[in-house]
Structures are given as structure tokens and as C-alpha cells.
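Input: a single structure, listed below in C-alpha cells.
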Amino acid sequence: MRAMVYRGPYKIRVEEKDVPPIEHPNDAIVRVTRAAICGSDLHLYHGMMPDTRVGMTFGHEFVGVVEEVGSSVERLQPGDRVMVPFNVYCGSCYFCARGLYSNCHNVNPNATAVGGIYGYSHTCGGYDGGQAEYVRVPFADVGPMKIPEWLDDDDAVLFTDALATGYFGAQLGDIKEGDVVVVFGAGPVGLFAARSAWLMGAGRVIVIDHLEYRLEMARTFAYAETYNFAEYDDIVVHMKRITDFLGADVAIDAVGAEADGNLTQHVTTTQFKLQGGSPVAVNWAIDSVRKGGTVSIMGAYGPLFSAVKLGDAVNKGLTLRMNQCPVKRQWPRLLEHVRDGHIKPSDIVTHRIPLDQVTEGYHIFSAKLDGCIKPLIVPSGN
Amino acid sequence: MPYTAEKPTQTPTSDELRARIPGWGADLDPADRPSVPRERFDPAASGAHWEFPERQPEKWPRERSVEHQFLTPVFGTGQPLHGVSGKIRRLAYERYSEGRAAHWLLLIAGDRVDAFGSHLRSFLTLRPDNPITETGVAAEFRHHGVASRRGTRRVDLPHQLLDPIVVAGPWLVWMGAAFMAARKVLRATSGTARRRGRDERGAPRRAARD
């Protein structure tokens, strides 16, 4: 089969690999019909995630058709069209039993601090991902779900991470009616977080970025008030000014490890790997939110330390909430929202890239060319 | 102002927002939010039909965090440890917990050794690594590389200039080192030849001078 393969920092290519075999009785093999490149894939692509091995296939956002199932699989059969959460999880450990599917303890021997994630380094379990023609899906009775007939693949693939994570991020903000919510980052997760904040009753939703075309999407797709931080000497002071010097009630970091806004922080992180992630966005969130407010961190960070301003967070009495999204827990409610017309996930898709051109797809997304917001990968090339 | 009791910022009324934004307030009640409360004990909800999963066969010694009591019942099987990078990574897993910076720094070191060794090995194959096709940099010409950056206030442009250095830098260092080593060998070889030539022409040997 053809698969995207990592060759080292900033280098990938398409290779022929063996179709993955069934390794466990509850495995399924899924033929991928749509995958996506996530902003967090860029952290792997840039060599920031420890134990990212040459030969790994990335891709934790994918949907497809079940090709083969293991002997103990009861809920799926070959031919089923399924969407697969980015979390690999067992459904039965201490954490899964409490709904913390992203924190499963039975799927990642390489680390206890993070669960299993498809195509996201050996630090996240060493599972090859879905930017390929076929992928192994462990615990087929737990993670995947049959896609409703009315939902097309371009919408369904966004349920597997970006949509669910943005929606989860808004929930962690504990938004109350009339709250002022500021979202840092107008990428896919930030756009969905901003849109979700309205669902939870926000009175004002503000989105911050430096890419004008993404801010335009935040205005049209997420109905947000937007500010380009590159136009302000100090975006934190501006946030205070536009909130009558109170600060936002809720701040959501939807940027993560490669946050721009401070060249030193970015270069020490992305280029020289001296921090687990650039803390610019999370520090802006801490400083922009009002005392007693809530900061929700949805950006992905590496396991090394980052220079986060904990003193400000303590002194302001903030609530910091964060986690990888337990994706499948969000799906029933999100399906209702999409079916009811509250949100159309694929409105943010800007590029559909054949698998054979995935190398250029990564560069387009990484360098922010061509108005790229969300690139999908089409293994069949159609 | 926050200097008095009332919340200063005025926001549109709920009715105005409901009329303008699809679905506004649909999840206003926390009971409609699927991750509220964050932890909800319900082992039957996941679909798992086991108390503890059947164990996946361990076909080679699988590395694991020292913070795990045992190998997890299911794990990824891609890219087993191998070579020098494998030794570095195994040391990271066997010696240091996830709480130690040494664990992660060793893993990053293993990544760099893995990448460099793989690049070298690729030159022994029919498909050597190609920095043009594998970085996708040709997209700059096909997907508006200049226009995407011109006339904007993008702040990522300065560090994008560093990307080629990150990609090519290690190669340049190694190529420089190889050049210096080759030059040293050539000079040593030609020096030996010159001395041998002088010997053959009857020039006095240093030992003879002494």
C-alpha cells in the first residue's frame, strides 16, 4: 500500500509499505477514504516530538471503510463506513471507565503521561497513522463509529479531531451566558472553538491571529470579532482596552507548541527544540483573561518544559483546564449540531490533496501558502 | 471599569445573538455539554466487553516507560528499535522516568541519530533521500509562495528563513567535516609520496641528517 512516511525533520515522502495485519483479536483494518493534516502533525514534521522514528506514517484524523476485523470484534464488519477518533483507547481501564478516553492506560507502553494517538510518535504508543491507504485500528468495538448516511466524508473526518477538540475546548472554558471569550489561534481548532463558544451562550467571541486570511474565516465562519496581533504593540494591553480593562472571562489557547508572536520563544522551540512548546499563546491567554477567569488549553505541547507564566496564573486566581479531547464522548451532541444546521464542519476545508502529493501538502500547510486552513488527504487521488 | 462592582463590557442581548448566530445557546445548560462533568463513572458506556483486554503478542522486546507496571496489553508495532538510535532510545526508556528531562533529551538525540543514519543508508538504495522532493519546497512555485507572503503582516516570515538551515545545516557540517578529513588524508598521502620521491632521487633522509 502507499503511505506517507517520515524521513527526518521537514522531510517526508510516499512509500510502499505492507498492509498492516491484525495484531489483536479486537483490531480492525480500515481502508482510508479521507485523512487530514492536523496542525499538531506539524510538530512531528518539524522534529519536535521526542521518539518520532524514521518510517512512521502520521495521521490521526481519518475515516474509511472496514476491510477486515479480528476474531473478537462484535460491532463492526467489513464494508462498514467508519470514523475513528484520534484516541486509541481500551474502554475498560480506570480512566476510560470515567470517560477520560484520551488518557487510556492500556494502549501506550512508551508513556503514562499521554494516551495512545494514531501516527503521533512512539511517545504516543507507536501506532502508524491514517495518511495511508490502510490503517490498523485497535479496539474496533470501542473507538470507531459507523458514519450516518447523511454525513459525507469531508465532514466526518473533522469529527475525528478538529471539530471535537474545538468543541471540547469551549466546554473546558466553562462558559456562562454573556461571557466574553477570547480564542488565540484561527486555525481549525480555534475556528471550531469560537463557533462552539456561541453554542454555549457566549456574549462576545474574539479571535486573535496574525494571518489575515484566517481572521477573515473567523469573521465569516465563526461570527467572531477579530484582531491581528501583528498590528498591535502589545496584544494583551489591547485585550484589556477592548474589555474596559477587565479582561476576558474565558481564554482558549488553540495554537500550541509553535506559537508565533515572540521570535526567541519560537526559535528556541521549533528550530532548536529547547522547550516542549512556545508558550506565547498560553501566556497571552493567562494575561488576557480576567482575575478569577478560566484558561482552556487545547494547543498541543511536547513533554519537555515550557516557560509558562504560572506566577500570573496563581496571582490572578485562574482556573487552568486542559486535556487531549476524549473525542467519541463529543460525537452524539456534535452530530445533533451538524444535523440541525448549527455548524457545517467542511466549510473550513481549503485543500484536498492526493496522497501522492502529501509532501507538498505538508509544506503548503506548514508555510501557510495559498490561504491554507485545513488540508484533507484523499488516498484514492479523486 | 473593573474598579466598580458591575461588569463593564456590554454584550448584545441573548435574543439578538440567537437571531444572528445559528445554534446560539443550544448548549447553555451544562447538562447538554458531553464533557460535563469531566469524569463520569460509566464503564458500560465505551462498548468494551472485557474487564481487562486480551494481550497482544509481543513479537520482540518492546520498550516501555519505567512508570508502567507492565507492558500494556495493546501497543503500536511500527519501527522497532534498531542500531545506535535504538540503543539511545532504550537507555532513555530503561534508565529515566518521564519526569526526567534526560528521558526526553535522550529520545530527541535518538531521533537525530535515527534520521542521520537513515539518510546515509538511503544513499545505498535505489531511492536516496532528495531534499527537494521530500521537503515539498517545490510547492513554493505551484502554490503562490510569494503572493502568500507579500503585503501581509505575517510574523512567521523571519523564522521561516531559518528552516532551510535546520534542514541543510547538519548536512553542511558533515560535508565540511568530510572535506577536511579528505584533505588531511590527501595531504598526508602526497607528503609521503614526495618524501618517497626524494628518497628515490637520492635525497638525504631525515634520519641520515640526524
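Residue names in the C-alpha cells use chain letters A, B, ... in the order shown, residue numbers from 1 in each chain, and ligand numbers from 1 in the order shown.
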*Pick out the chain A residues within 6 Å of chain B. Count only C-alpha atoms. Give them as a PyMOL selection string.*
chain A and resi 8+10-13+24+50-51+91+97-99+106-111+125-127+142+198-201+203+210-211+243-244+246+330+342+359-360+363+369-370
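Here the helix (DSSP H, G or I) residues in segment 54-113 of chain B, by DSSP on the backbone, are B:Gly83, B:Val84, B:Ser85, B:Gly86, B:Lys87, B:Ile88, B:Arg89, B:Arg90, B:Leu91, B:Ala92, B:Tyr93, B:Glu94, B:Arg95, B:Ala101, B:Ala102, B:His103, B:Trp104, B:Leu105, B:Leu106, B:Leu107, B:Ile108, B:Ala109, B:Gly110, B:Asp111, B:Arg112, B:Val113.
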Go ahead and dump the residues you just picked, C-alpha atoms, as a PDB file, in the first residue's frame.
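Everything below was put into part.pdb:
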ATOM      1  CA  GLY B  83      21.079   0.296  15.701  1.00  0.00           C
ATOM      2  CA  VAL B  84      22.692   3.150  17.621  1.00  0.00           C
ATOM      3  CA  SER B  85      19.463   5.179  17.797  1.00  0.00           C
ATOM      4  CA  GLY B  86      17.772   2.106  19.269  1.00  0.00           C
ATOM      5  CA  LYS B  87      20.403   1.850  21.991  1.00  0.00           C
ATOM      6  CA  ILE B  88      19.973   5.528  22.880  1.00  0.00           C
ATOM      7  CA  ARG B  89      16.208   5.235  22.980  1.00  0.00           C
ATOM      8  CA  ARG B  90      16.322   2.028  25.045  1.00  0.00           C
ATOM      9  CA  LEU B  91      18.596   3.762  27.550  1.00  0.00           C
ATOM     10  CA  ALA B  92      16.078   6.603  27.803  1.00  0.00           C
ATOM     11  CA  TYR B  93      13.237   4.163  28.496  1.00  0.00           C
ATOM     12  CA  GLU B  94      15.101   1.838  30.881  1.00  0.00           C
ATOM     13  CA  ARG B  95      17.021   4.421  32.896  1.00  0.00           C
ATOM     14  CA  ALA B 101      14.493  15.842  31.251  1.00  0.00           C
ATOM     15  CA  ALA B 102      17.201  13.279  30.429  1.00  0.00           C
ATOM     16  CA  HIS B 103      14.488  10.872  29.251  1.00  0.00           C
ATOM     17  CA  TRP B 104      13.161  13.276  26.639  1.00  0.00           C
ATOM     18  CA  LEU B 105      16.523  14.741  25.631  1.00  0.00           C
ATOM     19  CA  LEU B 106      17.899  11.250  25.005  1.00  0.00           C
ATOM     20  CA  LEU B 107      14.855  10.421  22.894  1.00  0.00           C
ATOM     21  CA  ILE B 108      15.390  13.590  20.846  1.00  0.00           C
ATOM     22  CA  ALA B 109      19.071  12.649  20.453  1.00  0.00           C
ATOM     23  CA  GLY B 110      17.964   9.191  19.297  1.00  0.00           C
ATOM     24  CA  ASP B 111      15.676  10.856  16.747  1.00  0.00           C
ATOM     25  CA  ARG B 112      18.548  12.832  15.247  1.00  0.00           C
ATOM     26  CA  VAL B 113      20.820   9.774  15.076  1.00  0.00           C
TER      27      VAL B 113
END
*asked:* as a count of residues only, please: the residues near segment 167-182 of chain A (cut-off 8 Å, only C-alpha atoms, same-chain neighbours under 3 positions excluded).
replied: 37
*Please report, as a VMD selection string, each residue of segment 1-209 of chain A to which DSSP assigns strand (DSSP E) when run on this structure's backbone.*
chain A and resid 2 to 8 11 to 16 28 to 36 62 to 69 81 to 84 87 to 88 116 to 117 134 to 137 145 to 146 180 to 184 204 to 209
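Closest approach to Val69 of chain A from the set A:Pro25, A:Gly187, A:Gly47, A:Gly55 is made by A:Pro25, with distances taken over only C-alpha atoms.
Between atom CA of Gly79 of chain A and atom CA of Val14 of chain A the separation is 26.0 Å.
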_Who sits within 6 Å of Gly190 of chain A, only C-alpha atoms, same chain under 4 positions skipped, as a PyMOL selection string_ = chain A and resi 185-186+254
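Here atom CA of Leu320 of chain A stands at a distance of 20.5 Å from atom CA of Leu191 of chain A.
The two atoms in question, atom CA of Arg81 of chain A and atom CA of Ala156 of chain A, are spaced 10.4 Å apart.
Among the candidate residues A:Arg333, A:Gly115, A:Glu133, A:Ile37, the one lying nearest to Glu15 of chain A is A:Glu133, with distances computed using only C-alpha atoms.
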